[in-house]
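Enquirer: Got a structure for you, final-v9.txt, holding compact mmCIF, C-alpha atoms.
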# COMPACT_ATOMS: atom_id res chain seq x y z
CA MET A 1 -43.17 -27.44 2.33
CA GLN A 2 -42.94 -23.93 3.70
CA GLN A 3 -45.05 -24.46 6.82
CA LEU A 4 -42.88 -27.36 7.95
CA LYS A 5 -39.68 -25.38 7.31
CA ASP A 6 -41.10 -22.46 9.29
CA ARG A 7 -41.85 -24.76 12.23
CA ILE A 8 -38.37 -26.29 12.11
CA ARG A 9 -36.80 -22.84 12.07
CA ALA A 10 -39.03 -21.56 14.90
CA GLU A 11 -38.95 -24.58 17.20
CA GLY A 12 -36.14 -26.89 16.10
CA LYS A 13 -33.05 -27.10 18.27
CA VAL A 14 -29.59 -27.95 16.99
CA LEU A 15 -27.61 -30.04 19.47
CA PRO A 16 -23.90 -30.95 19.27
CA GLY A 17 -23.24 -33.68 16.70
CA ASN A 18 -25.67 -32.21 14.14
CA ILE A 19 -28.64 -33.56 16.05
CA ILE A 20 -31.79 -31.66 15.15
CA LYS A 21 -34.51 -31.85 17.77
CA VAL A 22 -38.02 -31.29 16.48
CA ASP A 23 -39.72 -33.25 19.20
CA GLY A 24 -42.26 -30.53 19.97
CA PHE A 25 -44.26 -31.28 16.82
CA LEU A 26 -42.81 -34.27 14.97
CA ASN A 27 -41.66 -37.17 17.10
CA HIS A 28 -42.46 -36.89 20.80
CA ARG A 29 -45.26 -34.37 21.03
CA VAL A 30 -46.94 -34.74 17.62
CA ASP A 31 -48.90 -31.94 15.92
CA VAL A 32 -51.42 -34.11 14.09
CA ALA A 33 -52.88 -31.09 12.28
CA LEU A 34 -49.45 -30.51 10.71
CA MET A 35 -49.26 -34.26 9.89
CA ARG A 36 -52.56 -33.86 8.02
CA LYS A 37 -51.08 -31.05 5.92
CA MET A 38 -47.99 -33.16 5.22
CA ALA A 39 -50.24 -36.07 4.16
CA ARG A 40 -51.99 -33.74 1.68
CA GLU A 41 -48.62 -32.60 0.38
CA PHE A 42 -47.60 -36.23 -0.22
CA ALA A 43 -50.90 -36.74 -2.07
CA ARG A 44 -49.88 -33.84 -4.34
CA LEU A 45 -46.29 -35.05 -4.84
CA PHE A 46 -47.00 -38.75 -5.54
CA ASP A 47 -49.37 -40.50 -7.92
CA LEU A 48 -51.36 -42.51 -5.38
CA THR A 49 -53.61 -44.22 -7.95
CA GLY A 50 -54.26 -47.79 -6.79
CA ILE A 51 -52.44 -47.41 -3.47
CA THR A 52 -53.32 -50.22 -1.02
CA ALA A 53 -51.21 -49.40 2.04
CA VAL A 54 -48.90 -46.92 3.75
CA LEU A 55 -45.77 -48.61 5.13
CA THR A 56 -43.55 -47.33 7.94
CA VAL A 57 -41.41 -48.62 10.80
CA GLU A 58 -41.97 -48.25 14.53
CA ALA A 59 -41.97 -46.06 16.52
CA SER A 60 -42.27 -42.38 15.59
CA GLY A 61 -43.06 -43.05 11.91
CA ILE A 62 -46.38 -44.55 13.02
CA ALA A 63 -47.84 -41.12 13.76
CA ILE A 64 -47.34 -39.56 10.33
CA ALA A 65 -48.07 -42.87 8.58
CA SER A 66 -51.40 -43.22 10.43
CA ILE A 67 -52.56 -39.78 9.35
CA CYS A 68 -51.37 -40.43 5.77
CA ALA A 69 -53.27 -43.74 5.69
CA ASP A 70 -56.36 -41.97 7.00
CA GLU A 71 -55.98 -39.25 4.37
CA PHE A 72 -55.49 -41.75 1.53
CA GLY A 73 -58.22 -44.17 2.73
CA VAL A 74 -55.96 -47.23 3.08
CA PRO A 75 -54.55 -49.29 5.99
CA MET A 76 -51.21 -48.49 7.61
CA VAL A 77 -48.66 -51.27 8.07
CA PHE A 78 -45.58 -50.91 10.25
CA ALA A 79 -42.45 -53.03 10.42
CA LYS A 80 -41.29 -54.00 13.88
CA LYS A 81 -37.76 -53.70 15.18
CA ALA A 82 -36.26 -56.80 16.73
CA LYS A 83 -32.83 -57.77 17.90
CA SER A 84 -31.09 -59.51 15.05
CA ASP A 85 -31.01 -62.87 16.87
CA ASN A 86 -34.79 -62.97 16.98
CA ILE A 87 -35.73 -65.28 14.12
CA GLU A 88 -39.32 -66.21 13.43
CA GLY A 89 -41.11 -67.83 10.52
CA GLY A 90 -43.60 -66.21 8.15
CA LEU A 91 -41.81 -62.91 8.14
CA TYR A 92 -40.05 -60.58 5.75
CA ARG A 93 -36.86 -59.37 7.36
CA SER A 94 -34.17 -56.84 6.67
CA ASP A 95 -31.05 -56.27 8.74
CA ILE A 96 -30.11 -52.62 9.20
CA HIS A 97 -27.82 -50.59 11.40
CA SER A 98 -29.44 -48.11 13.75
CA TYR A 99 -27.17 -45.07 14.14
CA THR A 100 -29.54 -43.67 16.77
CA TYR A 101 -29.19 -46.72 19.01
CA LYS A 102 -25.72 -47.69 17.75
CA LYS A 103 -26.65 -51.32 17.14
CA ASP A 104 -27.84 -53.68 14.43
CA VAL A 105 -31.57 -54.25 14.35
CA THR A 106 -33.79 -56.41 12.19
CA LEU A 107 -36.95 -55.04 10.65
CA LEU A 108 -39.72 -57.64 10.65
CA LEU A 109 -43.02 -57.68 8.84
CA SER A 110 -45.53 -60.51 8.75
CA ARG A 111 -45.89 -61.90 5.22
CA GLN A 112 -49.65 -61.74 5.65
CA TRP A 113 -49.77 -57.94 5.56
CA LEU A 114 -47.85 -57.18 2.37
CA THR A 115 -48.05 -59.20 -0.84
CA GLY A 116 -47.55 -59.00 -4.59
CA GLN A 117 -51.03 -57.46 -4.83
CA ASP A 118 -50.02 -54.39 -2.83
CA LYS A 119 -49.00 -50.95 -4.02
CA VAL A 120 -47.42 -48.98 -1.21
CA LEU A 121 -46.07 -45.61 -0.24
CA ILE A 122 -43.31 -45.73 2.36
CA VAL A 123 -43.53 -42.87 4.87
CA ASP A 124 -41.22 -41.83 7.69
CA ASP A 125 -40.69 -38.78 9.86
CA PHE A 126 -36.90 -38.54 9.56
CA LEU A 127 -34.18 -39.47 7.10
CA ALA A 128 -30.49 -39.31 8.00
CA ASN A 129 -28.41 -42.37 7.12
CA GLY A 130 -31.43 -43.98 5.51
CA GLU A 131 -30.96 -47.41 7.03
CA ALA A 132 -34.58 -47.75 8.16
CA LEU A 133 -35.85 -46.73 4.71
CA ARG A 134 -33.39 -49.06 2.97
CA GLY A 135 -34.79 -51.86 5.14
CA LEU A 136 -38.38 -50.96 4.29
CA VAL A 137 -37.55 -50.90 0.55
CA GLU A 138 -35.99 -54.36 0.92
CA ILE A 139 -39.16 -55.62 2.61
CA VAL A 140 -41.32 -54.20 -0.22
CA GLU A 141 -39.05 -56.02 -2.70
CA GLN A 142 -39.30 -59.29 -0.74
CA ALA A 143 -43.09 -58.95 -0.74
CA GLY A 144 -43.14 -58.28 -4.49
CA SER A 145 -45.27 -55.21 -3.82
CA GLN A 146 -45.22 -52.20 -6.09
CA LEU A 147 -43.43 -49.21 -4.57
CA ILE A 148 -44.94 -45.81 -5.37
CA GLY A 149 -42.21 -43.89 -3.60
CA ILE A 150 -40.82 -42.76 -0.28
CA GLY A 151 -42.26 -39.75 1.54
CA VAL A 152 -40.20 -38.21 4.32
CA ALA A 153 -41.01 -35.25 6.56
CA VAL A 154 -37.49 -34.06 7.45
CA GLU A 155 -34.32 -35.09 5.62
CA LYS A 156 -30.87 -34.30 6.93
CA GLY A 157 -29.34 -33.53 3.55
CA PHE A 158 -25.80 -33.49 4.91
CA GLN A 159 -26.05 -37.17 5.79
CA PRO A 160 -25.85 -39.83 3.07
CA GLY A 161 -29.28 -41.53 3.21
CA GLY A 162 -31.16 -39.33 0.74
CA LYS A 163 -28.37 -39.33 -1.83
CA ARG A 164 -28.11 -43.12 -1.66
CA LEU A 165 -31.83 -43.73 -2.02
CA ARG A 166 -32.12 -41.31 -4.95
CA GLY A 167 -28.98 -42.84 -6.48
CA ASN A 168 -30.71 -46.21 -6.39
CA GLY A 169 -33.54 -44.76 -8.45
CA HIS A 170 -36.13 -44.40 -5.70
CA ASN A 171 -38.78 -41.72 -5.96
CA LEU A 172 -37.93 -40.01 -2.68
CA LYS A 173 -39.64 -36.76 -1.71
CA SER A 174 -38.72 -34.95 1.49
CA LEU A 175 -40.89 -32.06 2.66
CA ALA A 176 -37.90 -30.27 4.20
CA ILE A 177 -34.24 -30.95 3.44
CA ILE A 178 -31.80 -29.51 5.96
CA ASP A 179 -28.39 -28.97 4.35
CA LYS A 180 -26.71 -27.37 7.32
CA ALA A 181 -27.48 -27.19 11.02
CA ASP A 182 -25.11 -25.64 13.52
CA GLU A 183 -24.85 -22.89 16.12
CA ASN A 184 -25.54 -20.33 13.35
CA GLY A 185 -28.92 -21.85 12.56
CA ILE A 186 -30.57 -24.11 10.02
CA GLU A 187 -30.18 -23.94 6.23
CA PHE A 188 -32.69 -25.61 3.93
CA ARG A 189 -31.94 -26.90 0.44
CA GLU A 190 -32.93 -24.46 -2.32
CA GLY A 191 -35.91 -25.40 -4.46
CA ASN A 192 -37.16 -27.91 -1.89
CA MET B 1 -68.24 -51.61 20.77
CA GLN B 2 -69.92 -54.20 18.60
CA GLN B 3 -67.93 -53.58 15.41
CA LEU B 4 -64.63 -54.11 17.22
CA LYS B 5 -65.90 -57.30 18.88
CA ASP B 6 -67.09 -58.60 15.51
CA ARG B 7 -63.63 -57.98 14.02
CA ILE B 8 -61.90 -59.70 16.93
CA ARG B 9 -64.21 -62.70 16.59
CA ALA B 10 -63.79 -62.86 12.80
CA GLU B 11 -60.03 -62.21 12.54
CA GLY B 12 -58.51 -62.67 16.00
CA LYS B 13 -56.36 -65.71 16.63
CA VAL B 14 -55.90 -67.33 20.02
CA LEU B 15 -52.39 -68.68 20.51
CA PRO B 16 -51.13 -70.88 23.36
CA GLY B 17 -50.60 -68.88 26.56
CA ASN B 18 -53.80 -66.83 26.12
CA ILE B 19 -52.15 -64.67 23.51
CA ILE B 20 -54.72 -62.97 21.32
CA LYS B 21 -53.43 -61.89 17.91
CA VAL B 22 -55.33 -59.05 16.29
CA ASP B 23 -52.44 -57.82 14.20
CA GLY B 24 -54.47 -57.70 10.98
CA PHE B 25 -56.29 -54.54 12.08
CA LEU B 26 -54.97 -53.27 15.42
CA ASN B 27 -51.22 -53.43 15.93
CA HIS B 28 -49.21 -54.48 12.87
CA ARG B 29 -51.50 -53.82 9.93
CA VAL B 30 -53.71 -51.00 11.23
CA ASP B 31 -57.24 -50.36 9.97
CA VAL B 32 -57.27 -46.59 10.44
CA ALA B 33 -60.96 -46.39 9.48
CA LEU B 34 -61.74 -48.63 12.47
CA MET B 35 -59.43 -46.44 14.62
CA ARG B 36 -61.56 -43.45 13.58
CA LYS B 37 -64.72 -45.21 14.78
CA MET B 38 -63.00 -46.10 18.05
CA ALA B 39 -61.94 -42.45 18.48
CA ARG B 40 -65.59 -41.39 18.05
CA GLU B 41 -66.64 -44.00 20.61
CA PHE B 42 -64.12 -42.56 23.10
CA ALA B 43 -65.55 -39.10 22.42
CA ARG B 44 -68.98 -40.49 23.38
CA LEU B 45 -67.71 -42.31 26.49
CA PHE B 46 -65.53 -39.54 27.97
CA ASP B 47 -66.20 -35.88 28.73
CA LEU B 48 -63.45 -34.34 26.60
CA THR B 49 -64.24 -30.73 27.53
CA GLY B 50 -60.97 -28.81 27.78
CA ILE B 51 -58.78 -31.69 26.61
CA THR B 52 -55.29 -30.52 25.57
CA ALA B 53 -53.55 -33.77 24.57
CA VAL B 54 -53.87 -37.49 23.95
CA LEU B 55 -51.13 -39.47 25.72
CA THR B 56 -49.87 -42.94 24.80
CA VAL B 57 -46.68 -44.98 24.80
CA GLU B 58 -44.67 -46.26 21.84
CA ALA B 59 -45.04 -48.22 19.66
CA SER B 60 -48.43 -49.60 18.60
CA GLY B 61 -50.42 -47.19 20.79
CA ILE B 62 -49.22 -44.35 18.54
CA ALA B 63 -51.59 -45.38 15.73
CA ILE B 64 -54.85 -45.22 17.69
CA ALA B 65 -53.64 -42.21 19.70
CA SER B 66 -52.83 -40.28 16.49
CA ILE B 67 -56.29 -40.83 15.07
CA CYS B 68 -57.87 -39.93 18.44
CA ALA B 69 -55.82 -36.72 18.62
CA ASP B 70 -56.88 -35.87 15.06
CA GLU B 71 -60.52 -36.55 15.93
CA PHE B 72 -60.38 -34.44 19.12
CA GLY B 73 -58.32 -31.63 17.54
CA VAL B 74 -55.39 -31.79 19.98
CA PRO B 75 -51.72 -32.92 19.83
CA MET B 76 -50.65 -36.48 20.58
CA VAL B 77 -47.81 -37.08 23.02
CA PHE B 78 -46.10 -40.45 23.41
CA ALA B 79 -43.82 -41.71 26.14
CA LYS B 80 -40.67 -43.46 25.00
CA LYS B 81 -39.40 -46.76 26.27
CA ALA B 82 -35.82 -46.87 27.42
CA LYS B 83 -33.71 -49.40 29.16
CA SER B 84 -33.87 -48.68 32.85
CA ASP B 85 -30.20 -47.63 33.04
CA ASN B 86 -30.79 -44.78 30.61
CA ILE B 87 -31.04 -41.72 32.86
CA GLU B 88 -31.48 -38.25 31.42
CA GLY B 89 -32.47 -34.89 32.85
CA GLY B 90 -35.66 -32.94 32.18
CA LEU B 91 -37.80 -36.03 32.00
CA TYR B 92 -40.71 -37.61 33.77
CA ARG B 93 -39.99 -41.29 34.24
CA SER B 94 -41.82 -44.37 35.41
CA ASP B 95 -40.33 -47.82 35.81
CA ILE B 96 -42.56 -50.65 34.65
CA HIS B 97 -42.25 -54.32 33.85
CA SER B 98 -42.93 -55.39 30.28
CA TYR B 99 -44.52 -58.85 30.28
CA THR B 100 -44.35 -58.90 26.47
CA TYR B 101 -40.58 -58.44 26.42
CA LYS B 102 -39.98 -59.99 29.86
CA LYS B 103 -37.84 -57.12 31.11
CA ASP B 104 -38.01 -53.89 33.07
CA VAL B 105 -38.34 -50.77 30.99
CA THR B 106 -38.53 -47.09 31.86
CA LEU B 107 -41.15 -44.83 30.31
CA LEU B 108 -39.73 -41.40 29.59
CA LEU B 109 -41.47 -38.19 28.67
CA SER B 110 -39.90 -34.78 28.27
CA ARG B 111 -41.18 -32.36 30.91
CA GLN B 112 -41.74 -29.80 28.17
CA TRP B 113 -44.64 -31.70 26.63
CA LEU B 114 -46.89 -32.25 29.64
CA THR B 115 -47.48 -29.72 32.42
CA GLY B 116 -49.93 -28.71 35.13
CA GLN B 117 -51.90 -26.85 32.45
CA ASP B 118 -52.71 -30.04 30.54
CA LYS B 119 -55.85 -32.14 30.60
CA VAL B 120 -55.22 -35.50 28.97
CA LEU B 121 -56.86 -38.69 27.84
CA ILE B 122 -54.57 -41.74 27.96
CA VAL B 123 -55.16 -44.10 25.02
CA ASP B 124 -53.69 -47.52 24.23
CA ASP B 125 -54.48 -50.41 21.93
CA PHE B 126 -54.14 -53.24 24.45
CA LEU B 127 -54.51 -53.77 28.19
CA ALA B 128 -53.37 -56.97 29.90
CA ASN B 129 -51.24 -56.54 33.02
CA GLY B 130 -51.63 -52.79 32.80
CA GLU B 131 -48.01 -51.92 33.46
CA ALA B 132 -47.73 -49.48 30.55
CA LEU B 133 -50.92 -47.69 31.59
CA ARG B 134 -49.82 -47.59 35.25
CA GLY B 135 -46.62 -45.93 34.04
CA LEU B 136 -48.52 -43.39 31.94
CA VAL B 137 -50.78 -42.53 34.90
CA GLU B 138 -47.67 -42.01 37.04
CA ILE B 139 -46.27 -39.65 34.41
CA VAL B 140 -49.53 -37.66 34.32
CA GLU B 141 -49.33 -37.38 38.12
CA GLN B 142 -45.69 -36.25 37.98
CA ALA B 143 -46.67 -33.60 35.43
CA GLY B 144 -49.56 -32.42 37.59
CA SER B 145 -51.83 -32.73 34.56
CA GLN B 146 -55.53 -33.47 34.86
CA LEU B 147 -56.44 -37.00 33.81
CA ILE B 148 -59.78 -37.37 32.01
CA GLY B 149 -59.55 -41.12 31.84
CA ILE B 150 -58.03 -44.10 30.09
CA GLY B 151 -59.38 -45.37 26.77
CA VAL B 152 -58.36 -48.84 25.64
CA ALA B 153 -59.30 -50.72 22.48
CA VAL B 154 -58.94 -54.33 23.66
CA GLU B 155 -58.75 -55.41 27.32
CA LYS B 156 -57.84 -58.93 28.35
CA GLY B 157 -60.30 -59.13 31.24
CA PHE B 158 -58.78 -62.34 32.60
CA GLN B 159 -55.51 -60.54 33.34
CA PRO B 160 -55.22 -58.18 36.31
CA GLY B 161 -54.52 -54.77 34.70
CA GLY B 162 -58.09 -53.56 34.24
CA LYS B 163 -59.21 -54.58 37.72
CA ARG B 164 -56.22 -52.84 39.30
CA LEU B 165 -56.71 -49.58 37.37
CA ARG B 166 -60.45 -49.49 38.16
CA GLY B 167 -59.67 -50.40 41.78
CA ASN B 168 -57.43 -47.35 41.96
CA GLY B 169 -60.37 -45.17 40.92
CA HIS B 170 -59.37 -44.55 37.31
CA ASN B 171 -62.02 -43.89 34.71
CA LEU B 172 -61.05 -46.76 32.42
CA LYS B 173 -63.19 -47.61 29.39
CA SER B 174 -62.31 -50.55 27.15
CA LEU B 175 -64.12 -50.94 23.84
CA ALA B 176 -63.92 -54.74 24.02
CA ILE B 177 -63.19 -56.80 27.13
CA ILE B 178 -62.20 -60.40 26.48
CA ASP B 179 -63.00 -62.59 29.51
CA LYS B 180 -61.97 -65.90 27.99
CA ALA B 181 -59.87 -66.91 25.00
CA ASP B 182 -58.98 -70.50 24.27
CA GLU B 183 -59.35 -73.23 21.65
CA ASN B 184 -63.15 -72.95 22.01
CA GLY B 185 -63.15 -69.30 20.94
CA ILE B 186 -63.39 -65.85 22.45
CA GLU B 187 -65.88 -64.70 25.11
CA PHE B 188 -66.56 -61.02 25.68
CA ARG B 189 -67.71 -59.49 28.97
CA GLU B 190 -71.48 -58.96 29.16
CA GLY B 191 -72.72 -55.37 29.04
CA ASN B 192 -69.45 -54.14 27.55
Would you mind giving the structure from this file in structure tokens?

Expert:
Amino acid sequence: MQQLKDRIRAEGKVLPGNIIKVDGFLNHRVDVALMRKMAREFARLFDLTGITAVLTVEASGIAIASICADEFGVPMVFAKKAKSDNIEGGLYRSDIHSYTYKKDVTLLLSRQWLTGQDKVLIVDDFLANGEALRGLVEIVEQAGSQLIGIGVAVEKGFQPGGKRLRGNGHNLKSLAIIDKADENGIEFREGN
Amino acid sequence: MQQLKDRIRAEGKVLPGNIIKVDGFLNHRVDVALMRKMAREFARLFDLTGITAVLTVEASGIAIASICADEFGVPMVFAKKAKSDNIEGGLYRSDIHSYTYKKDVTLLLSRQWLTGQDKVLIVDDFLANGEALRGLVEIVEQAGSQLIGIGVAVEKGFQPGGKRLRGNGHNLKSLAIIDKADENGIEFREGN
């Protein structure tokens, strides 16, 4: 999506350790008008026939997922992050590793809000190692819901998450894939 | 707001310890169509002339704040929660106590995304002890931004947050104020 790539190039900052900061429009200050355009792009890229919910994980994914849900006319459901010793009943759960926080976390979702009757699109703002998305896919599988696909705003293509998810047969679409980010600037994947 | 009160009465669950669960439409599964109506109600209740941003705090506040920002045509900014030993530069910070998680947390917001030029509406889904909102007000003060007011979806009127914020002169509007919640049901404040 050209407009997103232009924004990343204009405002994104590359920090040591291949960290790409886009917190002026994506995940701290959020440009909801841009989110709306991304939601429309997802509607073009995925067959949303029969969709019943947009699924994401707290925290920053909630912004883009809320606008997508609004655009598609369905509710938004978000998994919560808990410490892995926090066990409760009536929940789907998936244990993942958070590279951002350098610890294991458990994604939790109440069984009430996703069932075998649901058809969902998973949405998130960022994809790097793909642990959060792997966890969300696992929750969709536990619920027996139908998975339309996975829509991501920004994918760090030089980290393994995207390759893994596509390798597992998931219909993953990222609106901007960054293949290189260093002191010389940002390179996007061709044809994306 | 009658529609919100009807939903709380129909779907809300009162758990021991005066916990009110409304996670089927407000803060786990999110009814974004209801969020849109709440955003329009805030637009009626507050004078939004010159507004430049909607401010909230992660995580569940991001949903309602995103829809409000979309409705008002401005960006949404959310404060992040960090452990209180996490000190970084270039940030506004406010130390609060989280009664939900029974620990002290620090709200952090990058100085870039709120300045003396901003005029903001603070929005959150829930108000009980009011610590998160007190922290957001402190951040607005640190930024030198103009505060239009504080819009809350559900206020637990039997807990002290709302009284304190109003006592400090803040223009707080809650769309539903619950004055009593026990095994006999839910009572809303008259005239609200």

Enquirer: Excluding Gln142 (chain B) and residues on its chain fewer than 5 positions from it, collect all residues at most 10 Å away from it, counting all atoms listed in the file, and give them as a list of chain:residue names.

Expert: B:Leu91, B:Tyr92, B:Arg93, B:Ser94, B:Arg111, B:Leu114, B:Thr115, B:Gly116, B:Leu136, B:Val137

Enquirer: Between CA of Ile178 (chain A) and CA of Ala59 (chain A), what is the spacing in Å?

Expert: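 Rounded to one decimal, the two atoms are 22.1 Å apart.
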
Enquirer: May I have the residues of chain B within 6 Å of chain A, counting all atoms listed in the file, written as a PyMOL selection string?

Expert: chain B and resi 28-32+58-59+62-63+66+70+75-78

Enquirer: So that I can see what lies close to Asp179 (chain A), please list as a list in words the residues with an atom at most 8 Å from it, counting all atoms listed in the file and leaving out residues fewer than 4 positions away in the same chain.

Expert: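 Skipping anything fewer than 4 positions along the chain leaves Lys156, Gly157, Phe158, Ile186, Glu187, Phe188 and Arg189 of chain A.
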
Enquirer: Please measure the separation of CA of Ala132 (chain A) and CA of Leu147 (chain A), giving the value in Å to one decimal.

Expert: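 Taking CA of Ala132 (chain A) as the start and CA of Leu147 (chain A) as the end point, the length is 15.6 Å.
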
Enquirer: One decimal, in Å: what's the spacing between CA of Gly162 (chain B) and CA of Val123 (chain B)?

Expert: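 So the answer is 13.5 Å.
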
Enquirer: I want to know what sits within 12 Å of Lys13 (chain B), based on all atoms listed in the file, with residues of the same chain fewer than 2 positions away left out; could you give that as a list in words?

Expert: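 In the requested format, the answer is Arg7, Ile8, Arg9, Ala10, Glu11, Leu15, Pro16, Gly17, Asn18, Ile19, Ile20, Lys21, Val22, Asp23, Gly24, Ala181, Asp182, Glu183, Asn184, Gly185 and Ile186 of chain B.
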
Enquirer: List the neighbours of Met1 (chain B) out to 9 Å using all atoms listed in the file; skip same-chain residues closer than 5 positions along the sequence, and give me the result as a PyMOL selection string.

Expert: chain B and resi 6+38+41+174-176+192

Enquirer: Which of these, A:Leu48, A:Leu107, A:Ala128, A:Val120, has the shortest distance to Val152 (chain A) once you count only C-alpha atoms?

Expert: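 Of all the options, A:Ala128 lies closest to Val152 (chain A).
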
Enquirer: Residues within 9 Å of (-33.5, -52.7, 15.2), file coordinates, counting all atoms listed in the file: what are they? Give the list as a PDB file with C-alpha atoms, keeping the file's coordinate frame.

Expert:
ATOM      1  CA  LYS A  80     -41.290 -54.000  13.880  1.00  0.00           C
ATOM      2  CA  LYS A  81     -37.760 -53.700  15.180  1.00  0.00           C
ATOM      3  CA  ALA A  82     -36.260 -56.800  16.730  1.00  0.00           C
ATOM      4  CA  LYS A  83     -32.830 -57.770  17.900  1.00  0.00           C
ATOM      5  CA  SER A  84     -31.090 -59.510  15.050  1.00  0.00           C
ATOM      6  CA  ASP A  95     -31.050 -56.270   8.740  1.00  0.00           C
ATOM      7  CA  ILE A  96     -30.110 -52.620   9.200  1.00  0.00           C
ATOM      8  CA  HIS A  97     -27.820 -50.590  11.400  1.00  0.00           C
ATOM      9  CA  SER A  98     -29.440 -48.110  13.750  1.00  0.00           C
ATOM     10  CA  TYR A 101     -29.190 -46.720  19.010  1.00  0.00           C
ATOM     11  CA  LYS A 103     -26.650 -51.320  17.140  1.00  0.00           C
ATOM     12  CA  ASP A 104     -27.840 -53.680  14.430  1.00  0.00           C
ATOM     13  CA  VAL A 105     -31.570 -54.250  14.350  1.00  0.00           C
ATOM     14  CA  THR A 106     -33.790 -56.410  12.190  1.00  0.00           C
ATOM     15  CA  LEU A 107     -36.950 -55.040  10.650  1.00  0.00           C
ATOM     16  CA  ALA A 132     -34.580 -47.750   8.160  1.00  0.00           C
TER      17      ALA A 132
END

Enquirer: When distances are computed from all atoms listed in the file, which of A:Asp47, A:Gln159, A:Lys119, A:Asp124 shows the smallest separation from Tyr99 (chain A)?

Expert: A:Gln159

Enquirer: For each of B:Thr49, B:Gln146, B:Thr56, B:Gln3, take the minimum atom-to-atom distance to His170 (chain B), counting only C-alpha atoms, then give the residue where this is smallest.

Expert: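 Smallest separation from His170 (chain B) among the options: B:Gln146.
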
Enquirer: Could you complete region 72-76 of chain A so that it carries all heavy atoms, and give it back as a PDB file, in the coordinates of the input?

Expert:
ATOM      1  N   PHE A  72     -55.433 -41.042   2.815  1.00  0.00           N
ATOM      2  CA  PHE A  72     -55.490 -41.750   1.530  1.00  0.00           C
ATOM      3  C   PHE A  72     -56.570 -42.850   1.508  1.00  0.00           C
ATOM      4  O   PHE A  72     -56.813 -43.446   0.453  1.00  0.00           O
ATOM      5  CB  PHE A  72     -54.136 -42.403   1.184  1.00  0.00           C
ATOM      6  CG  PHE A  72     -52.937 -41.486   1.279  1.00  0.00           C
ATOM      7  CD1 PHE A  72     -51.664 -42.011   1.487  1.00  0.00           C
ATOM      8  CD2 PHE A  72     -53.059 -40.101   1.153  1.00  0.00           C
ATOM      9  CE1 PHE A  72     -50.549 -41.186   1.585  1.00  0.00           C
ATOM     10  CE2 PHE A  72     -51.948 -39.267   1.252  1.00  0.00           C
ATOM     11  CZ  PHE A  72     -50.693 -39.811   1.474  1.00  0.00           C
ATOM     12  N   GLY A  73     -57.161 -43.158   2.675  1.00  0.00           N
ATOM     13  CA  GLY A  73     -58.220 -44.170   2.730  1.00  0.00           C
ATOM     14  C   GLY A  73     -57.737 -45.603   2.608  1.00  0.00           C
ATOM     15  O   GLY A  73     -58.427 -46.454   2.052  1.00  0.00           O
ATOM     16  N   VAL A  74     -56.522 -45.872   3.135  1.00  0.00           N
ATOM     17  CA  VAL A  74     -55.960 -47.230   3.080  1.00  0.00           C
ATOM     18  C   VAL A  74     -55.431 -47.607   4.468  1.00  0.00           C
ATOM     19  O   VAL A  74     -55.257 -46.746   5.327  1.00  0.00           O
ATOM     20  CB  VAL A  74     -54.800 -47.327   2.054  1.00  0.00           C
ATOM     21  CG1 VAL A  74     -55.333 -47.091   0.644  1.00  0.00           C
ATOM     22  CG2 VAL A  74     -53.674 -46.361   2.397  1.00  0.00           C
ATOM     23  N   PRO A  75     -55.143 -48.897   4.711  1.00  0.00           N
ATOM     24  CA  PRO A  75     -54.550 -49.290   5.990  1.00  0.00           C
ATOM     25  C   PRO A  75     -53.091 -48.822   6.109  1.00  0.00           C
ATOM     26  O   PRO A  75     -52.450 -48.516   5.104  1.00  0.00           O
ATOM     27  CB  PRO A  75     -54.597 -50.826   5.973  1.00  0.00           C
ATOM     28  CG  PRO A  75     -55.478 -51.200   4.841  1.00  0.00           C
ATOM     29  CD  PRO A  75     -55.430 -50.075   3.857  1.00  0.00           C
ATOM     30  N   MET A  76     -52.606 -48.803   7.331  1.00  0.00           N
ATOM     31  CA  MET A  76     -51.210 -48.490   7.610  1.00  0.00           C
ATOM     32  C   MET A  76     -50.559 -49.776   8.136  1.00  0.00           C
ATOM     33  O   MET A  76     -51.166 -50.478   8.955  1.00  0.00           O
ATOM     34  CB  MET A  76     -51.131 -47.379   8.667  1.00  0.00           C
ATOM     35  CG  MET A  76     -49.743 -46.877   8.985  1.00  0.00           C
ATOM     36  SD  MET A  76     -48.877 -47.808  10.264  1.00  0.00           S
ATOM     37  CE  MET A  76     -49.846 -47.380  11.723  1.00  0.00           C
TER      38      MET A  76
END
